[in-house]
Amino acid sequence: MFVISILWGASFFIQKNTLDSVSVMFLLFFRFGVGALILAICFFPKLKKINKNYLIHGTVSGALLFSAYVAQTFGLAYTTPGKNAFLTAVYCVMVPFIMWIVTKKHPTLRVFLAATVCVVGIGLISIDGSGFNLGDGLTLICALFYALQMVYNFFFIKDKDLILFSIIQFATVALLSLLGWAIFDRTLPTVWNGDLIWCLAYVVIGSTVLGFLAQNFGQKHVSPESCALILSLESVFGIFFSVLVYGEKPSVPAYIGFVLVFIGVIVSELDFKALYQKIKSKKKLNEKVLDNSVPLEQVEEENPEITLPEGTVEREINSHGIEEENQNTSQGEVELDAEKDKVETLKTEGE
């Protein structure tokens, strides 16, 4: 998922350049339509397993994803790739609050603090040269739909085949984009040059097929908060590639805002207190095992979630192995002495 964050981070400036040649709706239709087609061809035998349950949940997830991408891509047309990337990452802070509404479990004080830091960061980003414009507002709407989609997938993707779910998800986005193109746009690219083809190939294969397969896989095995934390790194790579390749030059307040938004995302997702307690407990248990005050087997039985350093376990196993070998050797020597005594006795009786 870390690699996917890099791919998505690079996609911001690539899509920005692509929008100079194609419309938003055509880009989304091409990106997700070709993505769905590639998966359908590669995994054709799986298609017969699609049922009503897949269609319902895949379509809802696809509709949320479509809403997010429409807002993000239209927003990208009015703002810079760097701002678009960082404001999109705000969805990580939104996820815990949406989970609060759904599960009735309120976020911790840490999450509220993270939200405050993010708001301050967004404020600093907005006082950049262009101010808080239409593109920035659309990007925040995109972040909301991303958060909704991530929470929805968390509840309904666990028992699904990732390939089938992704095909329906992509097809939904493609069909809705085609509908939007037919109603509001109807324009086609005027020039199909090498740069445009390369950009379209990148967003289809790298950002869409590989990216969302990895995201769906991650959401199937980890919590939405943890998944959001890893994927939030796309904002860092987004500003990196935007400055390096696109030539974006944010102001000092904007840079500070980027840092604050990223800190807010990290703070909202990492439970530092629990992490510290886990490290502390692991260190204490390791010390007890090393001084033999607690048997290794007891530690493993009572604390299955804590993995002791490999060297510690190895030393204990080696120690037990040596002791067992010595014990076996001593027992063998006793048995050999007993046999010798028996032979001597028989010789004496024979004489």
# chains A, B, ... in the order shown; residues from 1 in each chain; ligands from 1
$ residues_around --residues "Ile56 in chain A" --least-positions-apart "4" --cutoff "12 Å" --atoms "only C-alpha atoms" --output "PyMOL selection string"
chain A and resi 50-52+60-63+156-157+165+168-169+172
$ residues_around --residues "range 13-20 of chain A" --least-positions-apart "4" --cutoff "7 Å" --atoms "only C-alpha atoms" --output "list of chain:residue names"
A:Val24, A:Leu76, A:Ala77, A:Pro81, A:Leu196, A:Cys199, A:Ser242, A:Tyr246
$ write_last_selection --atoms "N, CA, C and O atoms" --output "mmCIF file, in the first residue's frame"
data_model
loop_
_atom_site.group_PDB
_atom_site.id
_atom_site.type_symbol
_atom_site.label_atom_id
_atom_site.label_comp_id
_atom_site.auth_asym_id
_atom_site.auth_seq_id
_atom_site.Cartn_x
_atom_site.Cartn_y
_atom_site.Cartn_z
ATOM 1 N N VAL A 24 -13.057 16.301 -17.948
ATOM 2 C CA VAL A 24 -13.087 15.537 -16.702
ATOM 3 C C VAL A 24 -13.873 14.244 -16.871
ATOM 4 O O VAL A 24 -13.413 13.156 -16.497
ATOM 5 N N LEU A 76 -9.140 19.816 -9.327
ATOM 6 C CA LEU A 76 -7.773 19.873 -9.838
ATOM 7 C C LEU A 76 -7.649 20.859 -10.990
ATOM 8 O O LEU A 76 -6.569 21.421 -11.235
ATOM 9 N N ALA A 77 -8.757 21.096 -11.701
ATOM 10 C CA ALA A 77 -8.739 22.040 -12.815
ATOM 11 C C ALA A 77 -8.623 23.484 -12.324
ATOM 12 O O ALA A 77 -8.225 24.382 -13.088
ATOM 13 N N PRO A 81 -1.743 20.873 -8.102
ATOM 14 C CA PRO A 81 -1.680 19.450 -7.710
ATOM 15 C C PRO A 81 -1.307 19.266 -6.245
ATOM 16 O O PRO A 81 -1.821 18.360 -5.579
ATOM 17 N N LEU A 196 -0.225 12.126 -24.196
ATOM 18 C CA LEU A 196 -1.585 11.859 -23.732
ATOM 19 C C LEU A 196 -1.793 10.361 -23.521
ATOM 20 O O LEU A 196 -2.372 9.938 -22.508
ATOM 21 N N CYS A 199 -0.006 9.268 -20.325
ATOM 22 C CA CYS A 199 -0.726 9.717 -19.126
ATOM 23 C C CYS A 199 -1.966 8.859 -18.881
ATOM 24 O O CYS A 199 -2.243 8.452 -17.742
ATOM 25 N N SER A 242 4.709 17.433 -7.433
ATOM 26 C CA SER A 242 4.200 18.691 -7.959
ATOM 27 C C SER A 242 5.293 19.759 -8.000
ATOM 28 O O SER A 242 5.405 20.517 -8.961
ATOM 29 N N TYR A 246 6.013 19.408 -11.794
ATOM 30 C CA TYR A 246 5.042 20.387 -12.281
ATOM 31 C C TYR A 246 5.529 21.822 -12.111
ATOM 32 O O TYR A 246 5.072 22.740 -12.779
#
$ closest_atom_pairs --of "range 105-191 of chain A" --to "range 26-48 of chain A" --cutoff "8 Å" --atoms "only C-alpha atoms" --output "CSV"
residue,atom,partner,partner_atom,distance
A:Ile163,CA,A:Leu39,CA,7.2
A:Leu164,CA,A:Leu47,CA,6.9
A:Ser166,CA,A:Ala36,CA,7.6
A:Ile167,CA,A:Ala36,CA,5.0
A:Ile168,CA,A:Ala36,CA,7.5
A:Phe170,CA,A:Phe32,CA,5.1
A:Ala171,CA,A:Ala36,CA,5.7
A:Val173,CA,A:Phe32,CA,6.3
A:Ala174,CA,A:Phe29,CA,4.4
A:Leu175,CA,A:Phe29,CA,7.1
A:Leu176,CA,A:Phe29,CA,7.9
A:Ser177,CA,A:Phe29,CA,5.0
A:Leu178,CA,A:Phe29,CA,5.7
A:Trp181,CA,A:Phe26,CA,6.3
A:Thr187,CA,A:Phe26,CA,7.9
A:Leu188,CA,A:Phe26,CA,7.4
$ residues_around --residues "range 102-108 of chain A" --least-positions-apart "5" --cutoff "12 Å" --atoms "only C-alpha atoms" --output "list in words"
Val93, Met94, Val95, Pro96, Phe97, Leu113, Ala114, Ala115, Leu148, Val151, Tyr152, Phe154, Phe155, Glu225, Val267, Ser268, Glu269, Leu270 and Asp271 of chain A
$ select_by_dssp --residues "range 72-300 of chain A" --states "alpha helix (DSSP H)" --output "PyMOL selection string"
chain A and resi 72-76+81-88+91-103+109-126+134-156+162-180+194-201+211-221+224-231+233-241+252-269+272-290+296-300
$ residues_around --residues "Phe212 in chain A" --least-positions-apart "4" --cutoff "9 Å" --atoms "only C-alpha atoms" --output "list in words"
Ile4, Ser166, Ser207, Thr208, Asn216 and Phe217 of chain A
$ closest_residue --among "A:Phe145, A:Phe237, A:Trp198, A:Phe12" --to "Phe258 in chain A" --atoms "only C-alpha atoms"
A:Phe237
$ residues_around --residues "Gly135 in chain A" --least-positions-apart "4" --cutoff "6 Å" --atoms "only C-alpha atoms" --output "PyMOL selection string"
chain A and resi 75+78-79
$ atom_distance --atom1 "CA of Cys118 in chain A" --atom2 "CA of Phe240 in chain A"
19.3 Å
$ closest_residue --among "A:Phe66, A:Ile125, A:Leu162, A:Trp192" --to "Tyr255 in chain A" --atoms "only C-alpha atoms"
A:Ile125
$ decode --residues "range 81-191 of chain A" --atoms "C-alpha atoms" --output "PDB file, in the first residue's frame"
ATOM      1  CA  PRO A  81      -1.680  19.450  -7.710  1.00  0.00           C
ATOM      2  CA  GLY A  82       0.009  19.999  -4.318  1.00  0.00           C
ATOM      3  CA  LYS A  83      -3.013  21.642  -2.695  1.00  0.00           C
ATOM      4  CA  ASN A  84      -5.299  19.076  -4.291  1.00  0.00           C
ATOM      5  CA  ALA A  85      -3.203  16.255  -2.813  1.00  0.00           C
ATOM      6  CA  PHE A  86      -3.045  17.615   0.736  1.00  0.00           C
ATOM      7  CA  LEU A  87      -6.669  18.700   0.952  1.00  0.00           C
ATOM      8  CA  THR A  88      -7.723  15.259  -0.313  1.00  0.00           C
ATOM      9  CA  ALA A  89      -5.778  13.688   2.590  1.00  0.00           C
ATOM     10  CA  VAL A  90      -8.155  15.358   5.059  1.00  0.00           C
ATOM     11  CA  TYR A  91     -10.464  12.347   4.521  1.00  0.00           C
ATOM     12  CA  CYS A  92      -8.231  10.504   7.005  1.00  0.00           C
ATOM     13  CA  VAL A  93      -9.413  12.839   9.760  1.00  0.00           C
ATOM     14  CA  MET A  94     -13.026  12.571   8.600  1.00  0.00           C
ATOM     15  CA  VAL A  95     -13.111   8.751   8.839  1.00  0.00           C
ATOM     16  CA  PRO A  96     -13.185   8.548  12.679  1.00  0.00           C
ATOM     17  CA  PHE A  97     -16.042  11.074  12.845  1.00  0.00           C
ATOM     18  CA  ILE A  98     -18.091   9.140  10.284  1.00  0.00           C
ATOM     19  CA  MET A  99     -17.388   5.947  12.239  1.00  0.00           C
ATOM     20  CA  TRP A 100     -18.686   7.844  15.296  1.00  0.00           C
ATOM     21  CA  ILE A 101     -22.001   8.473  13.524  1.00  0.00           C
ATOM     22  CA  VAL A 102     -22.283   4.868  12.336  1.00  0.00           C
ATOM     23  CA  THR A 103     -21.068   2.962  15.413  1.00  0.00           C
ATOM     24  CA  LYS A 104     -22.000   5.538  18.128  1.00  0.00           C
ATOM     25  CA  LYS A 105     -18.433   5.343  19.485  1.00  0.00           C
ATOM     26  CA  HIS A 106     -17.101   8.864  19.868  1.00  0.00           C
ATOM     27  CA  PRO A 107     -13.553   9.676  18.726  1.00  0.00           C
ATOM     28  CA  THR A 108     -10.820  10.196  21.285  1.00  0.00           C
ATOM     29  CA  LEU A 109      -9.441  13.560  22.340  1.00  0.00           C
ATOM     30  CA  ARG A 110      -6.492  12.806  20.064  1.00  0.00           C
ATOM     31  CA  VAL A 111      -8.776  12.786  17.009  1.00  0.00           C
ATOM     32  CA  PHE A 112     -10.363  16.109  17.983  1.00  0.00           C
ATOM     33  CA  LEU A 113      -6.881  17.580  18.376  1.00  0.00           C
ATOM     34  CA  ALA A 114      -5.892  16.214  14.965  1.00  0.00           C
ATOM     35  CA  ALA A 115      -8.988  17.770  13.380  1.00  0.00           C
ATOM     36  CA  THR A 116      -8.101  21.140  14.894  1.00  0.00           C
ATOM     37  CA  VAL A 117      -4.544  20.929  13.571  1.00  0.00           C
ATOM     38  CA  CYS A 118      -5.884  20.037  10.116  1.00  0.00           C
ATOM     39  CA  VAL A 119      -8.261  23.001  10.101  1.00  0.00           C
ATOM     40  CA  VAL A 120      -5.376  25.344  10.989  1.00  0.00           C
ATOM     41  CA  GLY A 121      -3.296  23.744   8.236  1.00  0.00           C
ATOM     42  CA  ILE A 122      -6.083  24.197   5.689  1.00  0.00           C
ATOM     43  CA  GLY A 123      -6.340  27.837   6.764  1.00  0.00           C
ATOM     44  CA  LEU A 124      -2.631  28.390   6.100  1.00  0.00           C
ATOM     45  CA  ILE A 125      -2.862  26.639   2.736  1.00  0.00           C
ATOM     46  CA  SER A 126      -5.818  28.825   1.789  1.00  0.00           C
ATOM     47  CA  ILE A 127      -3.891  32.064   2.345  1.00  0.00           C
ATOM     48  CA  ASP A 128      -1.456  31.013  -0.365  1.00  0.00           C
ATOM     49  CA  GLY A 129      -1.250  33.307  -3.378  1.00  0.00           C
ATOM     50  CA  SER A 130      -4.514  32.080  -4.941  1.00  0.00           C
ATOM     51  CA  GLY A 131      -6.414  31.968  -1.629  1.00  0.00           C
ATOM     52  CA  PHE A 132      -9.122  29.405  -0.883  1.00  0.00           C
ATOM     53  CA  ASN A 133     -10.653  28.926  -4.305  1.00  0.00           C
ATOM     54  CA  LEU A 134     -13.354  26.807  -5.916  1.00  0.00           C
ATOM     55  CA  GLY A 135     -10.872  24.002  -6.562  1.00  0.00           C
ATOM     56  CA  ASP A 136      -9.954  23.795  -2.874  1.00  0.00           C
ATOM     57  CA  GLY A 137     -13.613  23.621  -1.857  1.00  0.00           C
ATOM     58  CA  LEU A 138     -14.323  20.866  -4.378  1.00  0.00           C
ATOM     59  CA  THR A 139     -11.297  18.950  -3.108  1.00  0.00           C
ATOM     60  CA  LEU A 140     -12.649  19.026   0.462  1.00  0.00           C
ATOM     61  CA  ILE A 141     -15.979  17.683  -0.837  1.00  0.00           C
ATOM     62  CA  CYS A 142     -13.947  14.955  -2.533  1.00  0.00           C
ATOM     63  CA  ALA A 143     -12.319  14.139   0.821  1.00  0.00           C
ATOM     64  CA  LEU A 144     -15.767  13.697   2.398  1.00  0.00           C
ATOM     65  CA  PHE A 145     -16.865  11.201  -0.284  1.00  0.00           C
ATOM     66  CA  TYR A 146     -13.572   9.326   0.029  1.00  0.00           C
ATOM     67  CA  ALA A 147     -14.149   8.996   3.768  1.00  0.00           C
ATOM     68  CA  LEU A 148     -17.719   7.765   3.212  1.00  0.00           C
ATOM     69  CA  GLN A 149     -16.519   5.201   0.677  1.00  0.00           C
ATOM     70  CA  MET A 150     -13.771   3.928   2.974  1.00  0.00           C
ATOM     71  CA  VAL A 151     -16.192   3.420   5.879  1.00  0.00           C
ATOM     72  CA  TYR A 152     -18.751   1.756   3.594  1.00  0.00           C
ATOM     73  CA  ASN A 153     -16.139  -0.655   2.225  1.00  0.00           C
ATOM     74  CA  PHE A 154     -15.004  -1.504   5.744  1.00  0.00           C
ATOM     75  CA  PHE A 155     -18.434  -2.928   6.556  1.00  0.00           C
ATOM     76  CA  PHE A 156     -19.290  -4.598   3.242  1.00  0.00           C
ATOM     77  CA  ILE A 157     -16.082  -5.781   1.571  1.00  0.00           C
ATOM     78  CA  LYS A 158     -14.792  -8.371   4.067  1.00  0.00           C
ATOM     79  CA  ASP A 159     -16.667 -11.338   2.576  1.00  0.00           C
ATOM     80  CA  LYS A 160     -16.240 -10.235  -1.050  1.00  0.00           C
ATOM     81  CA  ASP A 161     -13.893 -11.329  -3.817  1.00  0.00           C
ATOM     82  CA  LEU A 162     -11.644  -8.302  -4.397  1.00  0.00           C
ATOM     83  CA  ILE A 163     -11.521  -8.716  -8.165  1.00  0.00           C
ATOM     84  CA  LEU A 164     -15.288  -8.954  -8.623  1.00  0.00           C
ATOM     85  CA  PHE A 165     -15.933  -6.095  -6.221  1.00  0.00           C
ATOM     86  CA  SER A 166     -13.399  -3.895  -8.056  1.00  0.00           C
ATOM     87  CA  ILE A 167     -14.873  -4.727 -11.477  1.00  0.00           C
ATOM     88  CA  ILE A 168     -18.358  -3.642 -10.384  1.00  0.00           C
ATOM     89  CA  GLN A 169     -16.913  -0.603  -8.616  1.00  0.00           C
ATOM     90  CA  PHE A 170     -14.977   0.498 -11.719  1.00  0.00           C
ATOM     91  CA  ALA A 171     -17.878  -0.230 -14.072  1.00  0.00           C
ATOM     92  CA  THR A 172     -20.194   1.914 -11.940  1.00  0.00           C
ATOM     93  CA  VAL A 173     -17.794   4.868 -12.066  1.00  0.00           C
ATOM     94  CA  ALA A 174     -17.372   4.401 -15.837  1.00  0.00           C
ATOM     95  CA  LEU A 175     -21.137   4.273 -16.518  1.00  0.00           C
ATOM     96  CA  LEU A 176     -21.874   7.320 -14.362  1.00  0.00           C
ATOM     97  CA  SER A 177     -19.007   9.195 -16.055  1.00  0.00           C
ATOM     98  CA  LEU A 178     -20.329   8.231 -19.501  1.00  0.00           C
ATOM     99  CA  LEU A 179     -23.765   9.525 -18.487  1.00  0.00           C
ATOM    100  CA  GLY A 180     -22.241  12.788 -17.281  1.00  0.00           C
ATOM    101  CA  TRP A 181     -20.201  13.091 -20.467  1.00  0.00           C
ATOM    102  CA  ALA A 182     -23.286  12.518 -22.644  1.00  0.00           C
ATOM    103  CA  ILE A 183     -25.348  15.141 -20.766  1.00  0.00           C
ATOM    104  CA  PHE A 184     -22.839  17.897 -20.032  1.00  0.00           C
ATOM    105  CA  ASP A 185     -19.826  17.444 -22.271  1.00  0.00           C
ATOM    106  CA  ARG A 186     -19.723  15.344 -25.445  1.00  0.00           C
ATOM    107  CA  THR A 187     -16.204  16.523 -26.340  1.00  0.00           C
ATOM    108  CA  LEU A 188     -13.412  14.194 -27.442  1.00  0.00           C
ATOM    109  CA  PRO A 189      -9.629  14.660 -27.396  1.00  0.00           C
ATOM    110  CA  THR A 190      -8.556  16.551 -30.493  1.00  0.00           C
ATOM    111  CA  VAL A 191      -4.988  15.202 -30.524  1.00  0.00           C
TER     112      VAL A 191
END
